[in-house]
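Quick look at structure.cif (mmCIF, C-alpha atoms):
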data_entry
#
loop_
_atom_site.label_atom_id
_atom_site.label_comp_id
_atom_site.auth_asym_id
_atom_site.auth_seq_id
_atom_site.Cartn_x
_atom_site.Cartn_y
_atom_site.Cartn_z
CA MET A 1 16.03 3.44 21.42
CA VAL A 2 13.44 1.06 22.89
CA LEU A 3 11.46 1.34 19.66
CA ILE A 4 14.56 0.42 17.62
CA ALA A 5 15.21 -2.59 19.86
CA VAL A 6 11.61 -3.71 19.54
CA PHE A 7 11.81 -3.35 15.75
CA GLY A 8 15.01 -5.40 15.66
CA VAL A 9 13.48 -8.21 17.71
CA ALA A 10 10.32 -8.17 15.60
CA LEU A 11 12.38 -8.26 12.41
CA LEU A 12 14.42 -11.22 13.67
CA ILE A 13 11.28 -13.15 14.61
CA ALA A 14 9.67 -12.33 11.27
CA VAL A 15 12.71 -13.56 9.32
CA LEU A 16 12.89 -16.78 11.35
CA LEU A 17 9.19 -17.45 10.76
CA SER A 18 9.13 -16.30 7.12
CA GLY A 19 9.60 -19.84 5.83
CA LEU A 20 6.56 -21.04 7.75
CA ALA A 21 4.64 -17.96 6.66
CA ALA A 22 5.44 -18.76 3.03
CA ARG A 23 3.49 -22.01 3.31
CA THR A 24 0.59 -21.04 5.56
CA VAL A 25 -1.92 -18.30 6.33
CA LEU A 26 0.55 -16.78 8.79
CA SER A 27 2.02 -13.50 7.52
CA THR A 28 4.93 -11.35 8.63
CA SER A 29 2.71 -8.27 8.22
CA PHE A 30 0.41 -9.69 10.87
CA LEU A 31 3.37 -10.36 13.18
CA PHE A 32 4.52 -6.74 13.06
CA LEU A 33 0.99 -5.46 13.55
CA VAL A 34 0.46 -7.67 16.60
CA GLY A 35 3.98 -6.95 17.85
CA GLY A 36 3.34 -3.23 17.78
CA ALA A 37 0.09 -3.68 19.67
CA LEU A 38 1.73 -5.86 22.35
CA VAL A 39 4.49 -3.39 23.18
CA SER A 40 2.18 -0.35 23.20
CA ASP A 41 0.54 1.39 26.16
CA GLY A 42 -2.45 -0.88 25.77
CA PHE A 43 -0.47 -3.96 26.82
CA LEU A 44 3.22 -4.08 27.89
CA GLY A 45 3.79 -0.32 27.74
CA LEU A 46 7.32 -0.56 26.30
CA ILE A 47 6.76 2.22 23.76
CA HIS A 48 4.52 5.26 23.97
CA ILE A 49 3.02 6.35 20.66
CA THR A 50 -0.10 8.41 20.01
CA PRO A 51 -1.78 9.23 16.68
CA ASP A 52 -0.34 12.75 16.77
CA SER A 53 3.24 11.49 17.27
CA GLU A 54 5.47 12.60 14.40
CA ILE A 55 6.93 9.11 14.00
CA VAL A 56 3.52 7.77 13.02
CA THR A 57 3.10 10.19 10.12
CA VAL A 58 6.73 9.91 9.00
CA THR A 59 6.90 6.10 8.93
CA ALA A 60 3.56 5.73 7.13
CA ASP A 61 4.55 8.42 4.62
CA LEU A 62 7.95 6.85 3.92
CA ALA A 63 6.47 3.37 3.62
CA LEU A 64 3.83 4.50 1.15
CA PHE A 65 6.41 6.38 -0.93
CA ALA A 66 8.83 3.42 -1.00
CA VAL A 67 6.12 0.92 -1.88
CA LEU A 68 4.71 3.07 -4.69
CA PHE A 69 8.19 3.74 -6.09
CA THR A 70 9.02 0.03 -6.28
CA ASP A 71 5.52 -0.81 -7.56
CA GLY A 72 5.92 1.75 -10.32
CA MET A 73 9.04 -0.02 -11.50
CA GLN A 74 6.94 -3.13 -12.15
CA VAL A 75 4.75 -1.30 -14.66
CA SER A 76 5.44 -2.02 -18.30
CA PHE A 77 4.27 0.82 -20.56
CA PRO A 78 4.08 -1.37 -23.68
CA LYS A 79 1.90 -3.90 -21.85
CA LEU A 80 -0.12 -1.14 -20.22
CA ARG A 81 -0.87 0.45 -23.60
CA SER A 82 -2.35 -2.83 -24.76
CA ALA A 83 -4.16 -3.59 -21.49
CA TRP A 84 -5.18 -0.23 -19.97
CA LYS A 85 -8.91 -0.85 -19.96
CA ASN A 86 -9.03 -3.06 -16.87
CA PRO A 87 -7.14 -0.61 -14.58
CA ALA A 88 -9.20 2.25 -16.06
CA ARG A 89 -12.43 0.43 -15.21
CA ALA A 90 -11.23 -0.27 -11.67
CA LEU A 91 -10.27 3.37 -11.15
CA GLY A 92 -13.10 5.02 -13.06
CA LEU A 93 -15.98 2.86 -11.86
CA GLY A 94 -14.88 0.45 -9.13
CA MET A 95 -13.24 3.07 -6.92
CA PRO A 96 -16.16 5.57 -7.03
CA LEU A 97 -18.63 2.76 -6.30
CA ALA A 98 -16.61 1.64 -3.26
CA PHE A 99 -16.38 5.27 -2.14
CA VAL A 100 -20.15 5.81 -2.30
CA PHE A 101 -21.11 2.42 -0.82
CA MET A 102 -18.73 2.94 2.12
CA ALA A 103 -20.18 6.39 2.75
CA LEU A 104 -23.73 4.99 2.84
CA VAL A 105 -22.76 2.19 5.21
CA THR A 106 -20.88 4.61 7.48
CA HIS A 107 -23.77 7.05 7.67
CA TYR A 108 -26.51 4.54 8.39
CA LEU A 109 -24.60 2.07 10.59
CA VAL A 110 -22.18 4.35 12.46
CA GLY A 111 -24.27 7.50 12.51
CA LEU A 112 -21.68 9.96 11.20
CA ASP A 113 -22.94 12.98 9.27
CA TRP A 114 -22.98 12.80 5.49
CA THR A 115 -19.81 14.81 4.89
CA THR A 116 -17.76 12.81 7.38
CA SER A 117 -19.23 9.57 6.03
CA PHE A 118 -18.07 10.44 2.53
CA LEU A 119 -14.71 11.38 4.03
CA VAL A 120 -14.41 7.88 5.52
CA GLY A 121 -15.33 6.45 2.13
CA ALA A 122 -12.60 8.50 0.45
CA VAL A 123 -9.95 7.48 3.01
CA LEU A 124 -10.76 3.78 2.63
CA ALA A 125 -11.09 3.83 -1.17
CA PRO A 126 -7.36 3.41 -2.00
CA THR A 127 -5.99 -0.14 -2.12
CA ASP A 128 -2.53 -1.48 -1.38
CA PRO A 129 -1.17 -4.70 -2.98
CA VAL A 130 1.65 -4.91 -0.42
CA PHE A 131 -0.49 -7.27 1.63
CA ALA A 132 -1.10 -9.50 -1.37
CA SER A 133 2.54 -9.99 -2.34
CA ALA A 134 2.11 -13.66 -3.17
CA ILE A 135 -0.26 -12.51 -5.93
CA VAL A 136 1.37 -9.40 -7.39
CA GLY A 137 4.93 -10.65 -6.92
CA ARG A 138 4.66 -13.98 -8.73
CA LYS A 139 5.11 -14.42 -12.47
CA GLU A 140 2.97 -17.56 -12.40
CA VAL A 141 -0.05 -15.31 -11.75
CA PRO A 142 -1.46 -13.90 -15.02
CA ALA A 143 0.27 -10.64 -15.94
CA ARG A 144 -3.01 -8.82 -16.57
CA LEU A 145 -4.18 -9.56 -13.02
CA ARG A 146 -0.89 -8.43 -11.47
CA GLN A 147 -0.87 -5.29 -13.61
CA LEU A 148 -4.48 -4.50 -12.74
CA LEU A 149 -3.75 -4.62 -9.00
CA ASN A 150 -0.45 -2.76 -9.26
CA VAL A 151 -1.65 0.07 -11.51
CA GLU A 152 -4.91 0.48 -9.61
CA SER A 153 -3.17 0.76 -6.25
CA GLY A 154 -0.44 3.01 -7.62
CA ILE A 155 -2.83 5.59 -9.02
CA ASN A 156 -5.79 5.48 -6.64
CA ASP A 157 -3.74 6.95 -3.77
CA GLY A 158 -3.22 10.16 -5.71
CA LEU A 159 -6.83 10.22 -6.86
CA ALA A 160 -8.20 9.87 -3.34
CA LEU A 161 -6.05 12.57 -1.72
CA PRO A 162 -7.75 15.64 -3.27
CA VAL A 163 -11.16 14.25 -2.36
CA VAL A 164 -9.98 13.66 1.22
CA LEU A 165 -8.67 17.21 1.53
CA LEU A 166 -11.78 18.79 0.06
CA LEU A 167 -14.07 16.79 2.36
CA ILE A 168 -11.97 17.70 5.41
CA ALA A 169 -12.45 21.36 4.51
CA ALA A 170 -16.19 20.82 4.03
CA ALA A 171 -16.68 18.81 7.24
CA GLY A 172 -16.46 21.81 9.55
CA PRO A 173 -13.93 23.89 11.49
CA THR A 174 -10.42 22.46 11.15
CA ALA A 175 -7.12 22.86 12.91
CA GLY A 176 -5.34 24.63 10.08
CA HIS A 177 -5.83 22.24 7.14
CA ALA A 178 -8.56 24.11 5.30
CA GLU A 179 -6.18 26.51 3.60
CA SER A 180 -4.42 23.60 1.87
CA ALA A 181 -7.63 22.14 0.47
CA SER A 182 -8.61 24.61 -2.27
CA PRO A 183 -9.26 22.86 -5.62
CA SER A 184 -6.61 24.95 -7.39
CA LYS A 185 -3.95 24.13 -4.81
CA ILE A 186 -4.79 20.44 -4.88
CA ALA A 187 -4.59 20.41 -8.69
CA LEU A 188 -1.22 22.17 -8.50
CA GLU A 189 0.13 19.62 -6.01
CA LEU A 190 -0.99 16.71 -8.18
CA GLY A 191 0.42 18.33 -11.31
CA LEU A 192 3.75 19.01 -9.62
CA GLY A 193 3.92 15.44 -8.35
CA LEU A 194 3.36 14.04 -11.83
CA ALA A 195 5.81 16.52 -13.35
CA PHE A 196 8.59 15.83 -10.85
CA GLY A 197 8.00 12.08 -11.09
CA THR A 198 8.43 12.27 -14.86
CA LEU A 199 11.12 14.92 -15.31
CA LEU A 200 13.58 13.86 -12.60
CA PRO A 201 14.09 10.32 -13.99
CA LEU A 202 14.48 11.81 -17.46
CA LEU A 203 17.14 14.19 -16.12
CA VAL A 204 19.01 11.41 -14.34
CA ASN A 205 18.87 9.20 -17.41
CA GLY A 206 20.26 12.05 -19.48
CA LEU A 207 23.14 12.57 -17.07
CA VAL A 208 24.05 8.88 -17.22
CA ARG A 209 24.44 9.16 -20.98
CA PHE A 210 27.24 11.72 -20.73
CA ARG A 211 30.55 10.21 -21.78
CA LEU A 212 32.37 10.99 -18.54
CA LEU A 213 29.48 9.95 -16.31
CA GLY A 214 27.90 6.62 -15.47
CA ALA A 215 27.56 4.18 -12.61
CA GLU A 216 29.89 1.26 -12.09
CA PRO A 217 28.07 -2.07 -11.71
CA LYS A 218 28.26 -2.36 -7.92
CA LEU A 219 26.88 1.17 -7.45
CA GLN A 220 24.22 0.96 -10.15
CA PRO A 221 21.46 -0.05 -7.69
CA LEU A 222 22.03 3.24 -5.87
CA LEU A 223 21.13 5.33 -8.93
CA PRO A 224 17.34 4.77 -8.64
CA LEU A 225 17.70 5.04 -4.86
CA ALA A 226 19.33 8.47 -5.17
CA THR A 227 16.58 9.52 -7.58
CA GLY A 228 13.92 8.42 -5.11
CA VAL A 229 15.56 10.22 -2.18
CA ILE A 230 15.83 13.47 -4.14
CA LEU A 231 12.26 13.12 -5.36
CA TYR A 232 10.92 12.57 -1.84
CA ALA A 233 12.72 15.67 -0.56
CA VAL A 234 11.69 17.85 -3.50
CA CYS A 235 8.03 16.85 -3.16
CA HIS A 236 7.93 17.72 0.52
CA LEU A 237 9.79 20.99 0.00
CA THR A 238 7.41 22.09 -2.76
CA HIS A 239 4.24 20.42 -1.37
CA ALA A 240 3.94 18.34 -4.54
CA ASN A 241 2.03 15.08 -4.21
CA PRO A 242 4.78 12.56 -3.26
CA TYR A 243 2.69 9.46 -3.92
CA LEU A 244 1.80 10.23 -7.51
CA ALA A 245 5.42 11.32 -8.01
CA ALA A 246 6.78 8.06 -6.56
CA PHE A 247 4.67 5.78 -8.74
CA SER A 248 5.26 7.76 -11.94
CA ALA A 249 9.01 8.03 -11.25
CA GLY A 250 9.32 4.29 -10.74
CA ALA A 251 7.44 3.60 -13.98
CA VAL A 252 9.49 6.11 -15.99
CA LEU A 253 12.80 4.83 -14.58
CA ALA A 254 11.90 1.24 -15.45
CA SER A 255 10.92 2.21 -19.00
CA LEU A 256 14.10 4.23 -19.57
CA SER A 257 16.61 1.67 -18.32
CA THR A 258 16.01 -2.04 -17.96
CA GLU A 259 19.48 -2.37 -16.48
CA SER A 260 18.73 0.08 -13.68
CA LYS A 261 15.45 -1.63 -12.96
CA GLU A 262 17.05 -5.07 -12.68
CA ALA A 263 19.96 -3.77 -10.61
CA PHE A 264 17.70 -1.90 -8.19
CA GLU A 265 15.00 -4.55 -7.81
CA PRO A 266 16.58 -6.59 -4.95
CA LEU A 267 17.62 -3.47 -3.03
CA GLY A 268 14.29 -1.75 -3.68
CA GLU A 269 12.27 -4.72 -2.47
CA SER A 270 14.33 -4.95 0.72
CA LEU A 271 14.02 -1.23 1.46
CA ALA A 272 10.28 -1.28 0.80
CA GLU A 273 9.91 -4.28 3.10
CA LEU A 274 11.82 -2.54 5.90
CA ALA A 275 9.76 0.64 5.53
CA LYS A 276 6.57 -1.39 5.50
CA PHE A 277 7.50 -3.38 8.59
CA ALA A 278 8.44 -0.21 10.49
CA ALA A 279 5.14 1.43 9.59
CA LEU A 280 3.19 -1.68 10.58
CA LEU A 281 4.94 -1.81 13.95
CA VAL A 282 4.17 1.86 14.64
CA PHE A 283 0.59 1.55 13.41
CA GLY A 284 0.13 -1.58 15.53
CA ALA A 285 1.15 0.45 18.59
CA LEU A 286 -1.93 2.62 18.00
CA LEU A 287 -4.26 -0.39 18.15
CA THR A 288 -5.05 -0.31 21.85
CA PRO A 289 -8.01 -1.98 23.57
CA THR A 290 -9.46 1.49 24.09
CA LEU A 291 -9.49 2.11 20.34
CA PHE A 292 -11.38 -1.11 19.64
CA GLY A 293 -13.71 -0.45 22.58
CA ASP A 294 -14.64 2.98 21.22
CA LEU A 295 -16.05 1.56 18.00
CA PRO A 296 -19.77 0.73 18.25
CA ILE A 297 -21.29 -2.51 17.00
CA GLY A 298 -22.50 -0.75 13.88
CA GLY A 299 -18.89 0.21 13.17
CA TYR A 300 -17.76 -3.42 13.26
CA VAL A 301 -20.56 -4.35 10.87
CA ALA A 302 -19.39 -1.54 8.56
CA VAL A 303 -15.81 -2.85 8.73
CA VAL A 304 -16.87 -6.38 7.77
CA LEU A 305 -19.01 -5.06 4.93
CA ALA A 306 -16.15 -2.90 3.68
CA ILE A 307 -13.87 -5.92 3.39
CA VAL A 308 -16.15 -8.76 2.28
CA LEU A 309 -18.83 -6.95 0.29
CA ILE A 310 -18.16 -3.33 -0.71
CA ARG A 311 -14.77 -3.75 -2.38
CA PRO A 312 -15.55 -7.12 -4.03
CA ALA A 313 -18.96 -5.99 -5.34
CA SER A 314 -17.64 -2.65 -6.61
CA LEU A 315 -14.76 -4.19 -8.55
CA LEU A 316 -16.81 -7.07 -9.92
CA ILE A 317 -19.32 -4.58 -11.29
CA SER A 318 -16.53 -2.54 -12.89
CA LEU A 319 -15.00 -5.64 -14.54
CA ILE A 320 -18.21 -6.85 -16.21
CA GLY A 321 -17.52 -7.51 -19.87
CA THR A 322 -13.73 -7.62 -19.57
CA GLY A 323 -11.49 -10.42 -20.79
CA LEU A 324 -10.57 -11.56 -17.30
CA ASP A 325 -11.75 -15.04 -16.42
CA ARG A 326 -13.85 -15.78 -13.34
CA LYS A 327 -10.90 -16.74 -11.15
CA GLU A 328 -9.00 -13.57 -12.02
CA LYS A 329 -12.02 -11.37 -11.36
CA LEU A 330 -12.61 -12.93 -7.95
CA ALA A 331 -8.95 -12.57 -6.97
CA ALA A 332 -8.89 -8.91 -8.05
CA ALA A 333 -12.17 -8.23 -6.25
CA TRP A 334 -10.97 -9.75 -2.99
CA PHE A 335 -7.55 -8.09 -2.88
CA GLY A 336 -8.50 -4.53 -2.10
CA PRO A 337 -6.60 -4.19 1.19
CA LYS A 338 -6.53 -0.88 3.02
CA GLY A 339 -2.89 0.05 3.44
CA PHE A 340 -0.50 2.91 4.07
CA ALA A 341 -2.42 5.49 2.02
CA SER A 342 -5.44 4.96 4.25
CA VAL A 343 -3.20 5.23 7.33
CA VAL A 344 -1.77 8.56 6.14
CA TYR A 345 -5.16 9.95 5.15
CA GLY A 346 -6.76 8.69 8.36
CA LEU A 347 -4.15 10.60 10.35
CA LEU A 348 -4.95 13.72 8.32
CA VAL A 349 -8.57 13.33 9.38
CA LEU A 350 -7.68 12.91 13.04
CA GLN A 351 -5.29 15.85 13.06
CA SER A 352 -7.73 18.10 11.17
CA GLY A 353 -9.83 18.76 14.26
CA ILE A 354 -13.18 18.45 12.44
CA PRO A 355 -16.20 17.74 14.70
CA GLN A 356 -16.33 13.95 14.20
CA ALA A 357 -12.61 13.38 13.57
CA GLU A 358 -12.06 10.89 16.40
CA GLU A 359 -15.10 8.76 15.50
CA ALA A 360 -14.03 8.68 11.84
CA TYR A 361 -10.43 7.81 12.70
CA THR A 362 -11.49 4.96 15.00
CA LEU A 363 -13.56 3.39 12.23
CA ILE A 364 -10.75 3.88 9.70
CA ALA A 365 -8.04 2.42 11.98
CA VAL A 366 -10.06 -0.68 12.87
CA CYS A 367 -10.95 -1.25 9.21
CA ILE A 368 -7.27 -1.01 8.18
CA ALA A 369 -6.25 -3.45 10.92
CA PHE A 370 -8.91 -6.00 9.97
CA SER A 371 -8.07 -5.60 6.28
CA ILE A 372 -4.34 -6.19 6.83
CA ILE A 373 -5.09 -9.35 8.79
CA ALA A 374 -7.64 -10.68 6.29
CA HIS A 375 -5.72 -9.97 3.10
CA SER A 376 -2.17 -10.74 4.19
CA SER A 377 -3.40 -14.09 5.53
CA THR A 378 -5.17 -15.15 2.33
CA ASP A 379 -2.73 -14.28 -0.45
CA VAL A 380 -0.96 -17.66 -0.26
CA PRO A 381 -4.15 -19.78 -0.57
CA VAL A 382 -5.35 -17.62 -3.47
CA ALA A 383 -1.93 -17.74 -5.13
CA ARG A 384 -2.06 -21.53 -5.06
CA ALA A 385 -5.21 -21.33 -7.20
CA PHE A 386 -2.90 -19.97 -9.94
CA ASN A 387 -0.46 -22.87 -9.55
CA VAL A 388 2.02 -20.89 -7.48
CA ASP A 389 3.47 -23.80 -5.55
CA ALA A 390 6.71 -22.47 -4.05
CA ILE A 391 5.61 -19.07 -2.79
CA ALA A 392 9.05 -18.14 -1.53
CA GLY A 393 11.23 -20.94 -2.78
CA VAL A 394 10.51 -22.83 0.43
CA PRO A 395 9.76 -26.56 0.18
CA PRO A 396 6.35 -27.74 1.45
CA LEU A 397 5.93 -28.95 5.01
CA ASP A 398 5.58 -32.57 3.96
CA ASP A 399 8.82 -32.53 1.95
CA ALA A 400 10.78 -35.10 3.92
CA ARG A 401 13.96 -34.41 1.97
CA GLY A 402 14.32 -30.93 3.47
CA PRO A 403 15.70 -27.95 1.60
CA ALA A 404 18.64 -28.97 -0.52
CA PRO A 405 21.66 -26.66 -0.37
CA HIS A 406 21.79 -26.23 -4.15
CA ARG A 407 18.13 -25.22 -4.52
CA LYS A 408 17.71 -21.72 -5.82
CA GLN A 409 15.81 -19.36 -3.51
CA THR A 410 13.49 -16.92 -5.23
CA PRO A 411 13.54 -13.29 -4.09
CA HIS A 412 9.83 -12.99 -3.46
CA ALA A 413 9.28 -13.36 0.26
CA ARG A 414 5.91 -13.96 1.80
CA THR A 415 4.68 -10.82 3.56
#
What is this file in structure tokens?
Amino acid sequence: MVLIAVFGVALLIAVLLSGLAARTVLSTSFLFLVGGALVSDGFLGLIHITPDSEIVTVTADLALFAVLFTDGMQVSFPKLRSAWKNPARALGLGMPLAFVFMALVTHYLVGLDWTTSFLVGAVLAPTDPVFASAIVGRKEVPARLRQLLNVESGINDGLALPVVLLLIAAAGPTAGHAESASPSKIALELGLGLAFGTLLPLLVNGLVRFRLLGAEPKLQPLLPLATGVILYAVCHLTHANPYLAAFSAGAVLASLSTESKEAFEPLGESLAELAKFAALLVFGALLTPTLFGDLPIGGYVAVVLAIVLIRPASLLISLIGTGLDRKEKLAAAWFGPKGFASVVYGLLVLQSGIPQAEEAYTLIAVCIAFSIIAHSSTDVPVARAFNVDAIAGVPPLDDARGPAPHRKQTPHART
């Protein structure tokens, strides 16, 4: 109950400060991360959470699923068919380059063995546009840039998971995860995830078309929600990949019914925000002074390189020769934040029991924390480079008139 109270207080503070955050480098993501750290055992001791606590895995898993489901609904198949090359380059070249570069940096600067170093690279390879919402959530930003970031982040989670599982199995004796890491089983899980994410929306859409069935307007937003809930349960019952399923289901639902997409969008964004904030609060509680003290100097250098050099260089190389202009390439290269996929996969590493699991997890956790702070604090300044003036429908600080009652508020909140 203390955790619920803390979450409620943090949510209230975040809402009250969201207007200021919409105009500055302050972000609500950062507030929840810091709030979780302050109430943890490392500081005030109000809540007691460890990396092996079930709530950590559950909240991160739910947040990632919710975010990917809502992100998938932003994908337009017609536009993707005409502009698939940029996401394909980012996934086929940029992601492997970041994976290899991170492994090299980890091995030589942190001193982890080669297998564990590549494991760290695989965990930190996925990106998450949640912490760049002022970019991916604004129509003023070029559609090809938003689609590149959304599609890349939606697919790279599923691509990284089999590599993570295989490397955990190869890293040494584990605490029971090796049996789930065979290539055939991983392929089956990915295939099931894609199948469920495609077939379930098709089934639901078919049911809606029956003459005696159909959702009344006020309940229509709950139709995609019900689909997502069923999909999440089915994936975990069958061990299908829930992340690939979530993204594909969102994309299929949006393509089948524009009405459902538009009806669900406000509810979906709110639910994804709540899941994200809860996961950030819980993850923040793991960021104790001991955790930061356990990372050597070489680890901090690796973290900085991962954020300011490895991701940007890898994506810029992959986008050579594309139609994106210089500003779009730089924005895409910078916004490669490490998000909930990396949290989930980092916990898999820690719980695997491999020889260097704790050292790898410490590096991963610190890198995620620094990435969230860096990227969620810079999306507004970068968005303004694309002429996004009212990030959240909030008037600028120097607007002496104040917010007029009749001014329309846009739904895209600064996170």
> Of the candidates A:Ile230, A:Ala245, A:Val2, A:Leu112, which shows the shortest atom-to-atom distance to Gly197 of chain A, using only C-alpha atoms?
Replying inline: A:Ala245
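Nearest-residue note for Leu203 of chain A: choosing from A:Leu253, A:Leu347, A:Val58, A:Cys235, the minimum distance belongs to A:Leu253, counting all atoms listed in the file.
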> Which one of A:Asp41, A:Glu189, A:Asp379, A:Glu273 sits closest to Ala332 of chain A if you count all atoms listed in the file?
Replying inline: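 Nearest candidate to Ala332 of chain A out of A:Asp41, A:Glu189, A:Asp379, A:Glu273: A:Asp379.
Nearest residue to Gly298 of chain A, choosing from A:Tyr108, A:Trp84, A:Tyr243, A:Phe386 and counting only C-alpha atoms: A:Tyr108.
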>> Just to confirm, what's the straight-line distance from atom CA of Leu145 of chain A to atom CA of Ser318 of chain A in Å (one decimal)?
In response: 14.2 Å
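Between atom CA of Leu309 of chain A and atom CA of Ala88 of chain A the interatomic distance comes to 21.1 Å.
Selection check: the PyMOL selection byres ((chain A and resi 70) around 8) on the shown file gives Ala66, Val67, Leu68, Phe69, Asp71, Gly72, Met73, Gln74, Phe247, Gly250, Glu265, Gly268, Glu269 and Ala272 of chain A.
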